[in-house]
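Comments concern the structure below.
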Amino acid sequence: MNKKQIIDLVDKLILELPIGKNFLFASYFADFITKNNIKVDPNGHKDDTLQRVTDFMIENQYLNFEKSNLDDSLTQKGVDAKNAGGHYKYLKKNKPKADLKNTDIVIKWILGLATLILAFYNYNLQRQNSILKKNQKTTSEILKSKNDSLTNIIQNKFIFDNADLRIIPSIKNSKTIDSKFEGEIVIVGYNNSDITLVNGNWNFKKLRFENADTIRNHQGAYKIKLDRIKNDTLNFYVKIDKKYGSRGYDSIMSYPYNSFWKLK
């Protein structure tokens, strides 16, 4: 028999043993295995099984065992095990008390640890919130300062989408090498939404520029090509967008047509 089979045998055998009087344990053992047709081991060695059952009952304090005849008896623990319904039921009856006590201790320990962790988490969260608010306030102040500085910088400034450099040579220049060269270099700032109208008239009643040709900018320059000059004065309506800058340009410029031919 293996150890589990020995314990199973003890669980049932202890119910057959008398309470309050001495007995011969070996005799009760032999009657029990015969009555229940229990095969003690493959070779039928009852003495070996008897010894192992006896040792188990002594180790678990169920049996007062004496070598002389009729002097064996159940201990108080053995009596309790029999009244409980056997070895397994006795263990089940007595184990929960210890387990419940240990479980209570474990639960209290877990609750205490959880309380400590929660307190630390709340403290850390409050600390992080305080740091975050402080940083947010500092960031807000920095952004406000930068915004104020930027506002001061762009105040009364033109801001353009693009810029280009234009070279305007004088009509007095010669095409030969080693000759003098005159002209102007103009840095042009312009916006994509800028518009220029030319060769029209201002309607004072309707307050608008009419009968004009629209010219498109090409890298800040406006090429003029008119089919005919309508007046002796060439009028321009120029509007520079001020989407981002604080300054814009919205004006009409008039030039006598003959002045374009006067060389400076």
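In the structure tokens, the first chain shown is A, the next is B, and so on; residue numbers restart at 1 for each chain, and ligands run from 1 in the order shown.
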Exercise. Extract the full set of strand (DSSP E) residues from stretch 40-259 of chain A according to DSSP on the backbone, and format it as number ranges by chain.
Key: A: 63-64, 73-74, 162-169, 183-190, 195-198, 201-203, 208-210, 213-215, 217-218, 221-222, 233-240, 249-256
Exercise. May I have all residues of stretch 28-214 of chain A that DSSP, computed from the backbone, assigns to helix (DSSP H, G or I), given as a PyMOL selection string?
Key: chain A and resi 28-35+46-59+76-84+87-154
Practice problem: Excluding A:Val10 and any residue of its chain fewer than 4 positions from it, enumerate the residues within 7 Å of it, using only C-alpha atoms, and give them as a PyMOL selection string. | Solution: chain A and resi 6+14+53
Export all heavy atoms of the chosen residues as a compact mmCIF listing (two decimals), in the first residue's frame?
# COMPACT_ATOMS: atom_id res chain seq x y z
N ILE A 6 -2.77 3.92 3.06
CA ILE A 6 -2.63 3.73 4.52
C ILE A 6 -3.53 4.72 5.26
O ILE A 6 -4.25 4.36 6.20
CB ILE A 6 -1.16 3.91 4.95
CG1 ILE A 6 -0.30 2.77 4.38
CG2 ILE A 6 -1.04 3.98 6.47
CD1 ILE A 6 -0.62 1.41 4.93
N ILE A 14 -10.44 3.66 12.39
CA ILE A 14 -10.59 4.33 13.69
C ILE A 14 -12.04 4.37 14.15
O ILE A 14 -12.32 4.43 15.35
CB ILE A 14 -10.00 5.76 13.60
CG1 ILE A 14 -9.69 6.29 15.02
CG2 ILE A 14 -10.93 6.71 12.86
CD1 ILE A 14 -8.89 7.58 15.00
N VAL A 53 0.30 1.16 9.59
CA VAL A 53 -0.94 1.75 10.13
C VAL A 53 -0.74 2.13 11.59
O VAL A 53 -1.15 3.21 12.04
CB VAL A 53 -2.11 0.77 9.96
CG1 VAL A 53 -3.33 1.28 10.73
CG2 VAL A 53 -2.45 0.59 8.49
Quiz item: Using only C-alpha atoms, which residue out of A:Val40, A:Asp11, A:Leu113, A:Ile195 lies closest to A:Ala81?
Solution: A:Asp11
Self-check item: For A:Asp31: contacts at 12 Å, only C-alpha atoms, fewer than 6 positions along chain excluded, given as a ChimeraX atom specification
Solution: /A:13,16-17,24-25,37-38,46,50
Quiz item: Restricting the calculation to only C-alpha atoms, which member of A:Ile168, A:Ile33, A:Leu197, A:Ala26 is positioned closest to A:Thr54?
Solution: A:Ala26
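One finds atom CA of A:Lys92 at 26.8 Å from atom CA of A:Lys21.
Between atom CA of A:Gly183 and atom CA of A:Phe236 there is a distance of 23.5 Å.
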Quiz prompt | Close residues, A:Ser73 itself excluded, 8 Å, only C-alpha atoms, min 6 positions apart in chain, as a PyMOL selection string | solution = chain A and resi 18-23+25+63-65
Practice problem: Provide the atom CA of A:Asn203 to atom CA of A:Leu234 distance in Å, to one decimal place. | Solution: 15.1 Å
Self-check item: Using only C-alpha atoms: which of A:Leu15, A:Ile177, A:Met253, A:Ile185 has the shortest distance to A:Asn83
Solution: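 Going through A:Leu15, A:Ile177, A:Met253, A:Ile185 one by one, the smallest distance to A:Asn83 is for A:Leu15.
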